Every structure is written in structure tokens, then in C-alpha cells.
Amino acid sequence: MPPKNLEHVFNDIDFANAKDPNTEIVDGNSIPKELIYGQRMSLLLDKFHPNASEAVQIAARAQHICRWEIPRKDYPLDRVGYLKWRTELKKFHADKAAAILTKNGCSTEIIERVSFLLQKKKLKKDSETQLLEDVICLVFLEFYYDAFSVKHTDEKVIDILQKTWKKMSEKGHEAALQIHYSEKGLQLIKQALDL
């Protein structure tokens, strides 16, 4: 895909995510949450694996596309409800991305590959699915973890950290340990990983 087409795809994903009614304050400005999330995914992917394929680049940017349209509160607040929500979200994100890729004249091969990646198929077996998962975990740790750790009990945070760590590759672990954390955040990471 020519770089111009890839830029159009990113612009269309950003345009969709800019409609998010939920916002986050970034450098004093109120930014739609999923817009900044998608841009952070691209930023971290470029840093972590600069030669990623187009399919991974697109999947990273579209990882949370229009997520607010399927709120967590619409599902039972138990483990089963959570897993159902996550499964339906993956399909939803894949369909949203496919519509944008189709509009931009992308090949069936790219559309199917992006859909495969967004649905996290063959995690730990497919290198690109693993790459996407590493970036998702790194974005959480770099941009969201410290705020998350303040809102939840230490036990819950340690549990989430251990689950996050299990999803990552060795290369992902190395990158995660280079991130600058708050003192409390780092302490919980050391407890979770038994460092």
C-alpha cells in the first residue's frame, strides 16, 4: 500500500475516534480518549518495532476504534460479562477497520490480516499478533498504569500486572522495564514480578 493510502487510512481511523464523547486532558488540552489512544499505539509501535508491517500499523491505530459505542456497563459486571464484552469488541473493531480499509481500496489480504490481528488470533503463536499485544501492554504501562494503580487496591493492581506480563514476549518485558514509573507504581511492579 503506498504511504499516501496508509495516511488516508490513519486519518479515517482518527476521524472516527475523534467522535469519542469521553475525553482525556493531554498537555492542558481536552482530547477524545480513543483518538489519543490510537495515536499512542502508533507512537509506541514505531518506537518498539519500527519496521512493522502495514497490517500491524493499521491494527495498532484501530485497536480501540469507536470503543465507546459498546460500553462495558451494557454487560453483566461479572467475569462472564467481561469476557463477552471483550469478544464482541474485538469483532466490532475488526468490522469498523474493515469498512475503512474497503473504502480506501485496500486489498482483501490486508483487510483479512488486520481483522485477524484485531481479534488477537493465535496469540503467542503468530508473531504479529504477539507484536500487537506487546504494544497494547506497553501503552497501558506507559500511559495508563500509574493512574490505574491509584484507583485500585494493591492486590488488584498486582493481579493485573501479572496477567499483563504473561501476555507479553521477552522483548516486551525488556521494553516494559525501561519505562519510567511512579515510586508506588514501580514498587507494585517489583511485587508482582517478584523482582
# chains A, B, ... in the order shown; residues from 1 in each chain; ligands from 1
call {"tool": "residues_around", "arguments": {"residues": "Glu34 of chain A", "least_positions_apart": "6", "cutoff": "9 Å", "atoms": "only C-alpha atoms", "output": "JSON, numbers by chain"}}
result
{"A": [14, 17, 18, 19, 20, 22, 23, 64, 65, 66, 67, 68]}
call {"tool": "write_last_selection", "arguments": {"atoms": "C-alpha atoms", "output": "PDB file, in the first residue's frame"}}
result
ATOM      1  CA  ASP A  14      -8.589   9.217  13.693  1.00  0.00           C
ATOM      2  CA  ASN A  17     -12.105   8.142  17.049  1.00  0.00           C
ATOM      3  CA  ALA A  18     -12.368  11.938  17.271  1.00  0.00           C
ATOM      4  CA  LYS A  19     -16.123  11.441  17.835  1.00  0.00           C
ATOM      5  CA  ASP A  20     -15.481   9.831  21.233  1.00  0.00           C
ATOM      6  CA  ASN A  22     -15.097  10.748  26.545  1.00  0.00           C
ATOM      7  CA  THR A  23     -12.045  12.948  26.853  1.00  0.00           C
ATOM      8  CA  HIS A  64      -9.906   0.743  20.164  1.00  0.00           C
ATOM      9  CA  ILE A  65     -11.772   2.221  17.196  1.00  0.00           C
ATOM     10  CA  CYS A  66     -15.146   3.635  18.338  1.00  0.00           C
ATOM     11  CA  ARG A  67     -14.919   1.575  21.559  1.00  0.00           C
ATOM     12  CA  TRP A  68     -17.357   3.869  23.395  1.00  0.00           C
TER      13      TRP A  68
END
call {"tool": "select_by_dssp", "arguments": {"residues": "chain A", "states": "strand (DSSP E)", "output": "JSON, numbers by chain"}}
result
{"A": [23, 24, 25, 26, 29, 30, 31, 32]}
call {"tool": "closest_residue", "arguments": {"among": "A:Lys167, A:Leu132, A:Ser182, A:Ser115", "to": "Ala147 of chain A", "atoms": "only C-alpha atoms"}}
result
A:Ser182
call {"tool": "closest_residue", "arguments": {"among": "A:Gln130, A:Val80, A:Glu54, A:Lys33", "to": "Glu109 of chain A", "atoms": "only C-alpha atoms"}}
result
A:Glu54
call {"tool": "closest_residue", "arguments": {"among": "A:Ser169, A:Thr102, A:Gln63, A:Gln162", "to": "Leu117 of chain A", "atoms": "only C-alpha atoms"}}
result
A:Gln63
call {"tool": "select_by_dssp", "arguments": {"residues": "segment 68-171 of chain A", "states": "helix (DSSP H, G or I)", "output": "ChimeraX atom specification"}}
result
/A:68-69,72-74,79-103,108-118,127-151,154-167,170-171
call {"tool": "residues_around", "arguments": {"residues": "Val9 of chain A", "least_positions_apart": "4", "cutoff": "10 Å", "atoms": "only C-alpha atoms", "output": "list in words"}}
result
Pro3, Lys4, Asn5, Ile13, Asp14, Phe15, Ile58, Arg61, Ala62, Ala97, Ile100, Leu101, Thr102, Lys103, Asn104, Gly105 and Cys106 of chain A
call {"tool": "atom_distance", "arguments": {"atom1": "atom CA of Phe10 of chain A", "atom2": "atom CA of Gln178 of chain A"}}
result
28.1 Å
call {"tool": "residues_around", "arguments": {"residues": "segment 39-52 of chain A", "least_positions_apart": "2", "cutoff": "7 Å", "atoms": "only C-alpha atoms", "output": "list in words"}}
result
Leu35, Ile36, Tyr37, Glu54, Val56, Gln57, Ala60, Arg61, Val135, Ile136 and Val139 of chain A
